[in-house]
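For reference, coords20.cif (mmCIF, C-alpha atoms):
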```cif
data_query
loop_
_atom_site.label_atom_id
_atom_site.label_comp_id
_atom_site.auth_asym_id
_atom_site.auth_seq_id
_atom_site.Cartn_x
_atom_site.Cartn_y
_atom_site.Cartn_z
CA MET A 663 16.48 33.94 -18.22
CA GLN A 664 16.94 30.74 -20.19
CA ALA A 665 18.84 29.10 -17.34
CA THR A 666 16.07 30.11 -14.96
CA LYS A 667 13.46 28.47 -17.15
CA ARG A 668 15.41 25.24 -17.48
CA GLY A 669 15.97 24.93 -13.74
CA PRO A 670 12.32 24.45 -12.68
CA LYS A 671 11.76 21.97 -15.52
CA ARG A 672 14.60 19.78 -14.31
CA LYS A 673 13.28 20.03 -10.76
CA SER A 674 9.76 19.13 -11.90
CA LYS A 675 11.09 16.16 -13.83
CA ASN A 676 12.95 14.95 -10.75
CA ARG A 677 9.78 15.21 -8.66
CA VAL A 678 7.85 13.25 -11.27
CA GLN A 679 10.57 10.60 -11.39
CA ARG A 680 10.58 10.30 -7.60
CA PHE A 681 6.79 10.05 -7.56
CA LEU A 682 6.76 7.30 -10.19
CA ALA A 683 9.57 5.46 -8.39
CA ASP A 684 7.51 5.50 -5.19
CA LEU A 685 4.59 3.73 -6.86
CA GLY A 686 4.63 0.01 -6.12
CA PRO A 687 2.54 -2.41 -4.06
CA GLY A 688 0.01 0.22 -2.95
CA PHE A 689 -0.66 1.46 -6.47
CA VAL A 690 -1.04 -2.05 -7.91
CA THR A 691 -3.21 -3.09 -4.94
CA GLY A 692 -5.52 -0.12 -5.41
CA CYS A 693 -5.92 -0.73 -9.13
CA ALA A 694 -6.42 -4.48 -8.65
CA ASP A 695 -9.36 -3.55 -6.44
CA ASP A 696 -11.31 -2.57 -9.59
CA ASP A 697 -11.63 -6.16 -10.81
CA PRO A 698 -14.64 -7.52 -12.77
CA SER A 699 -16.48 -8.13 -9.49
CA GLY A 700 -15.99 -4.49 -8.54
CA ILE A 701 -17.01 -3.25 -11.98
CA SER A 702 -20.21 -5.31 -11.81
CA THR A 703 -21.01 -3.98 -8.34
CA TYR A 704 -20.48 -0.38 -9.37
CA SER A 705 -22.50 -0.92 -12.57
CA ILE A 706 -25.39 -2.42 -10.62
CA SER A 707 -25.23 0.53 -8.20
CA GLY A 708 -25.33 3.13 -10.96
CA ALA A 709 -28.16 1.37 -12.79
CA ALA A 710 -30.30 0.86 -9.68
CA PHE A 711 -29.73 4.13 -7.82
CA GLY A 712 -28.52 6.52 -10.50
CA TYR A 713 -26.23 9.24 -9.19
CA GLY A 714 -27.48 8.59 -5.65
CA LEU A 715 -24.49 6.48 -4.51
CA LEU A 716 -21.64 8.55 -5.96
CA TRP A 717 -20.93 9.78 -2.41
CA THR A 718 -19.68 6.29 -1.48
CA ALA A 719 -16.46 6.99 -3.42
CA LEU A 720 -15.72 9.93 -1.12
CA LEU A 721 -16.55 7.79 1.91
CA SER A 722 -14.49 4.75 0.98
CA PHE A 723 -11.31 6.61 -0.07
CA PRO A 724 -10.06 7.64 3.41
CA LEU A 725 -11.30 4.40 4.98
CA MET A 726 -9.56 2.02 2.60
CA THR A 727 -6.44 4.22 2.61
CA ALA A 728 -6.25 3.93 6.40
CA VAL A 729 -6.59 0.12 6.33
CA GLN A 730 -4.04 -0.36 3.52
CA MET A 731 -1.59 2.00 5.23
CA MET A 732 -1.86 -0.11 8.37
CA CYS A 733 -1.20 -3.30 6.38
CA GLY A 734 1.83 -1.82 4.63
CA ARG A 735 3.26 -0.32 7.82
CA LEU A 736 2.74 -3.61 9.68
CA ALA A 737 4.79 -5.44 7.05
CA MET A 738 7.53 -2.82 6.97
CA VAL A 739 7.95 -2.72 10.75
CA THR A 740 7.79 -6.48 11.39
CA GLY A 741 9.38 -7.78 8.18
CA ARG A 742 6.52 -10.26 7.77
CA GLY A 743 3.29 -10.54 5.81
CA LEU A 744 -0.09 -10.20 7.53
CA ALA A 745 -0.60 -13.94 8.09
CA GLY A 746 2.95 -14.23 9.42
CA VAL A 747 2.31 -11.53 12.03
CA ILE A 748 -1.02 -13.08 13.05
CA ARG A 749 0.79 -16.42 13.49
CA GLN A 750 3.29 -14.79 15.83
CA ARG A 751 0.67 -13.05 18.02
CA TYR A 752 -2.49 -15.18 18.05
CA SER A 753 -3.67 -18.75 18.39
CA LYS A 754 -3.94 -21.18 15.48
CA TRP A 755 -7.72 -20.81 15.58
CA VAL A 756 -7.47 -17.09 14.92
CA LEU A 757 -4.76 -17.58 12.29
CA TRP A 758 -6.52 -20.27 10.27
CA GLY A 759 -9.89 -18.61 10.77
CA ALA A 760 -8.49 -15.47 9.12
CA CYS A 761 -6.99 -17.53 6.30
CA LEU A 762 -10.29 -19.36 5.79
CA LEU A 763 -12.15 -16.05 5.45
CA LEU A 764 -9.61 -14.94 2.87
CA VAL A 765 -9.68 -18.17 0.85
CA VAL A 766 -13.50 -18.33 0.71
CA ALA A 767 -13.74 -14.70 -0.43
CA ASN A 768 -10.89 -15.03 -2.95
CA ILE A 769 -11.99 -18.24 -4.64
CA THR A 770 -15.51 -16.83 -5.01
CA ASN A 771 -13.95 -13.74 -6.57
CA ILE A 772 -11.66 -15.75 -8.89
CA ALA A 773 -14.62 -17.75 -10.22
CA ALA A 774 -16.69 -14.61 -10.71
CA ASP A 775 -13.85 -12.69 -12.38
CA LEU A 776 -13.01 -15.49 -14.82
CA GLY A 777 -16.68 -15.64 -15.78
CA GLY A 778 -16.84 -11.87 -16.19
CA MET A 779 -13.73 -11.77 -18.39
CA ALA A 780 -15.01 -14.63 -20.54
CA ASP A 781 -18.42 -13.02 -21.02
CA ALA A 782 -16.82 -9.71 -21.98
CA THR A 783 -14.59 -11.46 -24.52
CA GLN A 784 -17.63 -13.21 -26.00
CA LEU A 785 -19.23 -9.80 -26.55
CA VAL A 786 -16.21 -8.64 -28.59
CA THR A 787 -15.35 -11.86 -30.47
CA GLY A 788 -18.59 -13.85 -30.64
CA VAL A 789 -16.72 -16.93 -29.37
CA PRO A 790 -18.65 -18.65 -26.52
CA ALA A 791 -17.61 -17.74 -22.98
CA LEU A 792 -17.02 -21.40 -22.06
CA VAL A 793 -14.03 -21.39 -24.43
CA TRP A 794 -12.52 -18.31 -22.82
CA ILE A 795 -12.83 -19.39 -19.17
CA PRO A 796 -10.14 -22.15 -19.32
CA PHE A 797 -8.09 -20.01 -21.70
CA TYR A 798 -7.85 -17.15 -19.22
CA ALA A 799 -7.29 -19.49 -16.27
CA ALA A 800 -4.42 -21.24 -18.08
CA MET A 801 -2.87 -17.98 -19.31
CA ILE A 802 -2.95 -16.31 -15.88
CA GLY A 803 -1.72 -19.49 -14.19
CA ALA A 804 1.22 -19.79 -16.61
CA PHE A 805 2.03 -16.11 -16.11
CA LEU A 806 2.17 -16.55 -12.32
CA PHE A 807 4.11 -19.81 -12.45
CA TRP A 808 6.78 -18.80 -14.92
CA SER A 809 7.38 -15.09 -14.25
CA SER A 810 9.34 -13.54 -11.42
CA TYR A 811 8.00 -11.04 -8.92
CA ARG A 812 9.96 -8.20 -10.57
CA GLN A 813 8.53 -8.98 -14.01
CA ILE A 814 5.01 -9.26 -12.57
CA ALA A 815 5.35 -5.94 -10.73
CA ARG A 816 6.50 -4.15 -13.91
CA ILE A 817 3.71 -5.65 -16.03
CA PHE A 818 1.07 -4.87 -13.41
CA LYS A 819 2.03 -1.19 -13.46
CA TRP A 820 1.31 -1.06 -17.20
CA ILE A 821 -1.93 -3.04 -16.97
CA THR A 822 -3.31 -0.43 -14.56
CA LEU A 823 -3.54 2.01 -17.48
CA VAL A 824 -6.52 0.06 -18.84
CA LEU A 825 -8.59 1.30 -15.90
CA PHE A 826 -8.67 4.81 -17.33
CA ALA A 827 -10.92 3.46 -20.08
CA TYR A 828 -13.71 3.95 -17.54
CA VAL A 829 -12.87 7.63 -17.12
CA LEU A 830 -13.03 8.10 -20.91
CA THR A 831 -16.30 6.16 -21.13
CA ALA A 832 -18.06 8.71 -18.92
CA PHE A 833 -17.47 11.45 -21.48
CA PHE A 834 -19.49 9.52 -24.05
CA ALA A 835 -22.37 9.02 -21.63
CA GLY A 836 -24.15 12.41 -21.54
CA VAL A 837 -23.75 12.94 -17.79
CA ASP A 838 -26.12 15.31 -15.97
CA TRP A 839 -23.35 17.04 -14.01
CA ARG A 840 -25.72 18.93 -11.72
CA GLN A 841 -27.31 15.68 -10.52
CA ALA A 842 -23.88 14.07 -10.35
CA LEU A 843 -22.60 16.79 -8.01
CA LEU A 844 -25.68 16.43 -5.81
CA GLY A 845 -25.16 12.67 -5.65
CA THR A 846 -21.49 13.20 -4.78
CA PHE A 847 -21.85 15.70 -1.96
CA ARG A 848 -25.34 14.96 -0.59
CA PRO A 849 -25.27 11.44 0.93
CA HIS A 850 -28.54 9.53 0.85
CA LEU A 851 -29.40 5.88 1.52
CA SER A 852 -32.85 4.35 1.77
CA TRP A 853 -33.47 1.73 4.46
CA SER A 854 -34.20 -1.25 2.24
CA ARG A 855 -32.59 -4.63 1.72
CA ASP A 856 -31.57 -3.77 -1.86
CA SER A 857 -29.85 -0.53 -0.92
CA LEU A 858 -28.08 -2.09 2.08
CA GLU A 859 -26.91 -5.06 0.00
CA THR A 860 -25.58 -2.64 -2.58
CA LEU A 861 -23.78 -0.60 0.11
CA VAL A 862 -22.22 -3.76 1.57
CA GLY A 863 -21.25 -4.81 -1.96
CA ILE A 864 -19.58 -1.46 -2.63
CA LEU A 865 -17.71 -1.50 0.68
CA GLY A 866 -16.83 -5.18 0.26
CA THR A 867 -15.44 -4.87 -3.24
CA THR A 868 -13.59 -1.68 -2.28
CA ILE A 869 -12.23 -2.68 1.14
CA SER A 870 -11.57 -6.35 0.37
CA PRO A 871 -9.76 -9.01 2.44
CA TYR A 872 -7.38 -9.98 -0.37
CA LEU A 873 -6.07 -6.41 -0.56
CA PHE A 874 -4.97 -6.56 3.10
CA PHE A 875 -2.87 -9.69 2.61
CA TRP A 876 -1.53 -8.67 -0.81
CA GLN A 877 -0.38 -5.22 0.35
CA ALA A 878 1.57 -6.64 3.29
CA SER A 879 3.08 -9.51 1.28
CA GLN A 880 4.21 -7.22 -1.52
CA GLU A 881 5.91 -4.84 0.90
CA VAL A 882 7.90 -7.86 2.07
CA GLU A 883 8.65 -8.82 -1.55
CA GLU A 884 9.89 -5.30 -2.29
CA GLU A 885 12.40 -5.61 0.52
CA ARG A 886 13.42 -9.11 -0.57
CA ALA A 887 14.08 -7.68 -4.02
CA GLN A 888 16.48 -5.22 -2.33
CA GLY A 889 18.44 -8.14 -0.88
CA LYS A 890 16.81 -8.21 2.56
CA THR A 891 16.20 -11.95 2.65
CA THR A 892 15.76 -12.46 6.42
CA VAL A 893 13.12 -11.12 8.81
CA ALA A 894 15.83 -9.45 10.89
CA GLN A 895 17.10 -7.51 7.87
CA ARG A 896 13.59 -6.37 6.96
CA LYS A 897 12.49 -5.28 10.44
CA GLY A 898 11.99 -1.59 11.05
CA ALA A 899 10.78 1.30 8.91
CA SER A 900 12.54 4.63 8.42
CA GLY A 901 10.77 7.93 7.95
CA ASN A 902 11.64 7.77 4.24
CA ASP A 903 10.13 4.27 4.00
CA LEU A 904 6.87 5.52 5.49
CA ARG A 905 6.85 8.56 3.20
CA ARG A 906 7.17 6.27 0.18
CA LEU A 907 4.43 4.02 1.56
CA LYS A 908 2.09 6.98 2.02
CA THR A 909 2.64 8.23 -1.54
CA ASP A 910 2.18 4.73 -2.94
CA VAL A 911 -0.95 3.82 -0.98
CA VAL A 912 -2.72 7.18 -1.28
CA THR A 913 -2.15 7.21 -5.05
CA GLY A 914 -3.37 3.63 -5.43
CA MET A 915 -6.50 4.16 -3.35
CA LEU A 916 -7.24 7.45 -5.11
CA ALA A 917 -7.01 5.68 -8.49
CA SER A 918 -9.27 2.89 -7.22
CA ASN A 919 -11.98 5.26 -6.00
CA LEU A 920 -11.71 7.50 -9.05
CA ILE A 921 -12.44 4.52 -11.33
CA MET A 922 -15.28 3.44 -9.04
CA TYR A 923 -16.76 6.94 -9.25
CA PHE A 924 -16.66 7.04 -13.04
CA ILE A 925 -18.20 3.57 -13.47
CA ILE A 926 -21.16 4.55 -11.25
CA LEU A 927 -21.34 7.88 -13.11
CA THR A 928 -21.40 6.21 -16.55
CA THR A 929 -24.05 3.63 -15.71
CA ALA A 930 -26.18 6.22 -13.91
CA ALA A 931 -26.09 8.54 -16.94
CA THR A 932 -26.93 5.78 -19.42
CA LEU A 933 -28.75 2.84 -17.86
CA ASN A 934 -30.62 4.49 -14.99
CA ALA A 935 -31.42 7.64 -16.94
CA HIS A 936 -33.05 5.54 -19.70
CA GLY A 937 -35.05 3.28 -17.40
CA THR A 938 -32.69 0.27 -17.17
CA VAL A 939 -32.52 -0.09 -13.40
CA LYS A 940 -32.15 -3.86 -13.01
CA ILE A 941 -28.96 -5.51 -14.20
CA GLU A 942 -26.99 -8.37 -12.69
CA THR A 943 -23.59 -8.18 -14.38
CA ALA A 944 -21.09 -5.85 -16.02
CA LYS A 945 -21.76 -7.76 -19.27
CA GLN A 946 -25.35 -6.53 -19.24
CA ALA A 947 -24.09 -3.02 -18.50
CA ALA A 948 -21.73 -3.17 -21.50
CA GLU A 949 -24.48 -4.48 -23.81
CA ALA A 950 -26.86 -1.74 -22.68
CA LEU A 951 -24.24 0.98 -23.19
CA ARG A 952 -23.94 0.37 -26.95
CA PRO A 953 -27.30 1.84 -28.03
CA LEU A 954 -27.26 4.51 -25.32
CA ALA A 955 -23.70 5.84 -25.42
CA GLY A 956 -22.32 4.52 -28.71
CA LYS A 957 -19.85 1.88 -29.83
CA ALA A 958 -16.79 3.70 -28.42
CA ALA A 959 -18.18 3.66 -24.88
CA TYR A 960 -19.24 0.03 -25.29
CA LEU A 961 -15.79 -1.07 -26.45
CA LEU A 962 -13.95 0.91 -23.76
CA PHE A 963 -16.18 -0.57 -21.05
CA THR A 964 -15.85 -4.13 -22.37
CA LEU A 965 -12.10 -4.10 -22.97
CA GLY A 966 -11.59 -2.51 -19.58
CA LEU A 967 -13.47 -5.42 -18.01
CA ILE A 968 -11.07 -7.92 -19.61
CA GLY A 969 -7.98 -5.90 -18.62
CA THR A 970 -9.03 -5.52 -15.01
CA GLY A 971 -9.47 -9.28 -14.75
CA MET A 972 -5.90 -9.73 -15.94
CA LEU A 973 -4.82 -7.57 -13.01
CA GLY A 974 -7.31 -8.76 -10.38
CA VAL A 975 -7.22 -12.57 -10.73
CA PRO A 976 -3.42 -12.90 -10.21
CA VAL A 977 -3.69 -10.74 -7.08
CA LEU A 978 -6.55 -12.89 -5.75
CA ALA A 979 -4.70 -16.17 -6.33
CA GLY A 980 -1.37 -14.73 -5.17
CA SER A 981 -2.76 -13.39 -1.90
CA CYS A 982 -4.14 -16.89 -1.13
CA ALA A 983 -0.70 -18.41 -1.69
CA TYR A 984 1.10 -15.80 0.41
CA ALA A 985 -1.37 -16.06 3.30
CA ILE A 986 -1.38 -19.87 3.51
CA SER A 987 2.40 -20.09 3.12
CA GLU A 988 3.00 -17.51 5.84
CA ALA A 989 0.48 -19.19 8.13
CA ALA A 990 2.10 -22.60 7.65
CA SER A 991 5.70 -21.25 7.79
CA TRP A 992 6.44 -22.43 4.26
CA ARG A 993 9.14 -20.76 2.22
CA GLY A 994 7.78 -19.39 -1.00
CA SER A 995 7.14 -16.28 -3.08
CA LEU A 996 6.53 -15.19 -6.66
CA GLU A 997 10.24 -14.43 -6.93
CA GLN A 998 11.04 -18.15 -6.61
CA LYS A 999 10.58 -20.74 -9.33
CA PRO A 1000 7.88 -23.43 -8.77
CA ARG A 1001 10.50 -26.16 -8.21
CA GLY A 1002 11.87 -24.29 -5.18
CA ALA A 1003 8.49 -23.36 -3.68
CA LYS A 1004 6.19 -26.29 -4.46
CA LYS A 1005 3.73 -25.72 -1.61
CA PHE A 1006 3.39 -22.01 -2.36
CA TYR A 1007 2.64 -22.67 -6.03
CA GLY A 1008 0.45 -25.61 -5.06
CA VAL A 1009 -1.87 -23.23 -3.16
CA LEU A 1010 -1.78 -20.74 -6.03
CA GLY A 1011 -2.65 -23.45 -8.57
CA ALA A 1012 -5.39 -24.89 -6.35
CA ALA A 1013 -7.04 -21.46 -5.96
CA MET A 1014 -7.08 -21.01 -9.74
CA ALA A 1015 -8.30 -24.58 -10.32
CA ILE A 1016 -11.17 -24.39 -7.81
CA GLY A 1017 -12.26 -21.04 -9.25
CA LEU A 1018 -12.24 -22.65 -12.71
CA VAL A 1019 -14.21 -25.70 -11.53
CA ILE A 1020 -16.94 -23.50 -10.04
CA GLU A 1021 -17.55 -22.18 -13.55
CA PHE A 1022 -18.32 -25.70 -14.80
CA THR A 1023 -20.47 -26.99 -11.94
CA GLY A 1024 -23.69 -25.29 -12.98
CA LEU A 1025 -23.30 -22.41 -10.53
CA ASP A 1026 -23.81 -19.07 -12.22
CA ALA A 1027 -20.51 -17.41 -11.36
CA VAL A 1028 -21.41 -14.43 -13.51
CA LYS A 1029 -24.20 -13.55 -11.07
CA MET A 1030 -21.61 -14.14 -8.35
CA LEU A 1031 -19.76 -11.02 -9.53
CA PHE A 1032 -22.04 -8.92 -7.35
CA TRP A 1033 -22.51 -11.48 -4.59
CA SER A 1034 -18.78 -12.06 -4.24
CA ALA A 1035 -18.54 -8.37 -3.34
CA VAL A 1036 -21.23 -8.82 -0.69
CA VAL A 1037 -19.33 -11.86 0.66
CA ASN A 1038 -16.20 -9.69 0.91
CA GLY A 1039 -18.20 -7.04 2.75
CA VAL A 1040 -19.41 -9.55 5.33
CA LEU A 1041 -16.01 -11.24 5.81
CA ALA A 1042 -13.84 -8.10 5.94
CA PRO A 1043 -14.78 -6.73 9.43
CA PRO A 1044 -13.14 -9.50 11.52
CA LEU A 1045 -9.93 -9.13 9.49
CA ILE A 1046 -9.99 -5.35 9.88
CA LEU A 1047 -10.36 -5.86 13.65
CA LEU A 1048 -7.22 -8.04 13.70
CA ILE A 1049 -5.28 -5.44 11.70
CA ILE A 1050 -6.35 -2.66 14.09
CA LEU A 1051 -5.35 -4.69 17.16
CA LEU A 1052 -1.96 -5.56 15.67
CA THR A 1053 -1.10 -2.03 14.56
CA ASN A 1054 -2.20 -0.58 17.92
CA ASP A 1055 0.08 -3.04 19.77
CA ALA A 1056 3.38 -1.47 20.84
CA GLN A 1057 4.91 -4.94 21.26
CA VAL A 1058 4.39 -5.49 17.52
CA MET A 1059 4.87 -1.97 16.15
CA GLY A 1060 7.17 -0.28 18.66
CA LYS A 1061 6.98 3.49 18.09
CA ARG A 1062 5.10 2.99 14.80
CA VAL A 1063 1.70 2.30 16.36
CA ASN A 1064 -1.35 3.98 14.84
CA SER A 1065 -1.77 7.71 15.29
CA THR A 1066 -5.02 9.11 16.70
CA VAL A 1067 -6.31 9.92 13.20
CA GLN A 1068 -5.43 6.43 11.95
CA ARG A 1069 -7.23 4.87 14.90
CA ILE A 1070 -10.36 6.94 14.29
CA LEU A 1071 -10.44 6.05 10.57
CA ALA A 1072 -9.75 2.37 11.26
CA TRP A 1073 -12.43 1.99 13.91
CA THR A 1074 -14.87 3.92 11.72
CA THR A 1075 -14.20 1.47 8.88
CA PHE A 1076 -14.76 -1.49 11.15
CA ALA A 1077 -17.94 -0.06 12.67
CA LEU A 1078 -19.41 1.00 9.32
CA MET A 1079 -18.77 -2.33 7.58
CA THR A 1080 -20.06 -4.28 10.58
CA ALA A 1081 -23.21 -2.14 10.76
CA ALA A 1082 -23.85 -2.43 7.01
CA ALA A 1083 -23.44 -6.22 7.08
CA GLY A 1084 -25.72 -6.46 10.13
CA GLY A 1085 -28.23 -4.18 8.47
CA ILE A 1086 -28.83 -6.75 5.75
CA LEU A 1087 -30.16 -9.17 8.38
CA LEU A 1088 -32.45 -6.54 9.89
CA ALA A 1089 -33.76 -4.91 6.69
#
```

Go ahead and render the structure in this file as structure tokens.
Amino acid sequence: MQATKRGPKRKSKNRVQRFLADLGPGFVTGCADDDPSGISTYSISGAAFGYGLLWTALLSFPLMTAVQMMCGRLAMVTGRGLAGVIRQRYSKWVLWGACLLLVVANITNIAADLGGMADATQLVTGVPALVWIPFYAAMIGAFLFWSSYRQIARIFKWITLVLFAYVLTAFFAGVDWRQALLGTFRPHLSWSRDSLETLVGILGTTISPYLFFWQASQEVEEERAQGKTTVAQRKGASGNDLRRLKTDVVTGMLASNLIMYFIILTTAATLNAHGTVKIETAKQAAEALRPLAGKAAYLLFTLGLIGTGMLGVPVLAGSCAYAISEAASWRGSLEQKPRGAKKFYGVLGAAMAIGLVIEFTGLDAVKMLFWSAVVNGVLAPPLILLIILLTNDAQVMGKRVNSTVQRILAWTTFALMTAAAGGILLA
């Protein structure tokens, strides 16, 4: 009997170990999606519409999973990042147009996230935000410049744990679970500019351009770390590779949407339920939580905001560097030292520097936390279209083209995000 009991435990442990070993680029990408811009967007949604937009988490999960799976599979099959594949298949206008969309969205996000982190730190320490903005920019920049990809990947996995602060926060918030369930399973959206902007913001911060490029680039980095240094060595994906990718991506996107759900839930139960329906930033959400849900909820929410910035900003800057380097055929990655990849790190440093400068030009980058999500929502559809076309192309993917289900989900994502962005102009 004792031997029988020990057997299943060992088996279970092995399954857990395999599961944890499978987590990589997809998991980090999904968690990086909940950056300060995302937290602000979800907070604004919960405050303005209460439990009414909880259903968007159920909607976005399969859609973003489909897109990220396509990006990961594209990289595995071709051995190149997304920009590298676009360079091989399309004209320079398409290539640099895609990179421009990415850079505009990312730099807006970097500026907004640095501002959000600094404001959150001011809440905890009392030290003015203007002191923290260059501090965080310098710290993140030094981290990216002087660490290796393997160190960054390990650290990122641990940073993702901070996101679960938002799950804990909900249990201090006095949630009306009946209303929450109705908001989750009974979709409703009013035809107004505010609600459409919020929907575009949610979709934009959830299905973001930088995630597409980062996912593909990190799949390439994973294979480089295994010694596959040439495109020829990296080409092709086995059934086991695709199984690992599926586990990784589905887990990452599930974590992303779970955190999104609980942030909307918390702000709906506290801010909206007590008449605070108009906020502009996650900082305001955190301040409002203290009297409504207590100091523990306030601290969890605020510290989570800082931690998510530490995960999100490096991904934003890194995806810029990977995309531009692949587009221009430059050698460079986070695994290399700056001296051996000057152009790659030059782009990375420029993205951080421009984001920092925006904070000191009089533009209110804190308010940009929400609007950067809307920008992402407007810029994402053309990139999603490119990804669909590439992963449907047998000349690119061979036998690994999209399945019927993947095509349906991908085209649904494209159509929905295009319609939501267009709806803003018509509302």

TODO: List, as an NGL selection string, every residue that the PyMOL selection byres ((chain A and resi 903-913) around 6) selects in the file provided.
DONE: :A and (684-685 or 688-689 or 899-902 or 914-916)

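Taking only C-alpha atoms into account, A:Val1019 lies nearest to A:Ala799 out of the set A:Ser857, A:Leu764, A:Ala799, A:Gln813.
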
- [ ] Report the distance between atom CA of A:Ala1056 and atom CA of A:Val739 in Å, rounded to one decimal place.
- [x] 11.1 Å

Task: Separation of atom CA of A:Val837 from atom CA of A:Tyr960, in Å and rounded to one decimal - done: 15.6 Å

Task: Selection result for the PyMOL selection byres ((chain A and resi 934-943) around 6) on this file, as a PyMOL selection string - done: chain A and resi 702+706+709-710+712+930-933+944-946

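For the atom pair formed by atom CA of A:Tyr713 and atom CA of A:Ala1083, the distance is 22.6 Å, given to one decimal.
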
TODO: Tell me which of A:Ala959, A:Val766, A:Ile1020, A:Val1058 sits closest to A:Gly898, counting all atoms listed in the file.
DONE: A:Val1058

Task: Distance query A:Trp839 at most 12 Å, all atoms listed in the file, self and fewer than 6 positions along chain excluded, as a PyMOL selection string - done: chain A and resi 713+716+832-833+845-846+927-928+930-931

Task: Answer key for the PyMOL selection byres ((chain A and resi 1066-1074) around 7), residues as a ChimeraX atom specification - done: /A:725,728-729,1050,1064-1065,1075-1078

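The environment of A:Glu988 within 8 Å, counting all atoms listed in the file and disregarding residues fewer than 3 places along the same chain, consists of Gly743, Ala745, Gly746, Tyr984, Ala985, Ser991, Trp992 and Arg993 of chain A.
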
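For stretch 962-966 of chain A, the non-local neighbours within 7 Å, defined as residues at least 4 positions apart in the same chain or in other chains and counting all atoms listed in the file, are Ala782, Val824, Leu825, Ala827, Tyr828, Thr831, Ala948, Ala958 and Thr970 of chain A.
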
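Among A:Thr860, A:Gln679, A:Thr740, A:Thr867, the residue with the shortest atom-to-atom distance to A:Gly692, counting only C-alpha atoms, is A:Thr867.
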
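All residues of protein, DNA or RNA that reach within 9 Å of A:Gly1011, judged by all atoms listed in the file and not counting those fewer than 6 positions away in the chain, are Gly803, Phe807, Ala979 and Ala983 of chain A.
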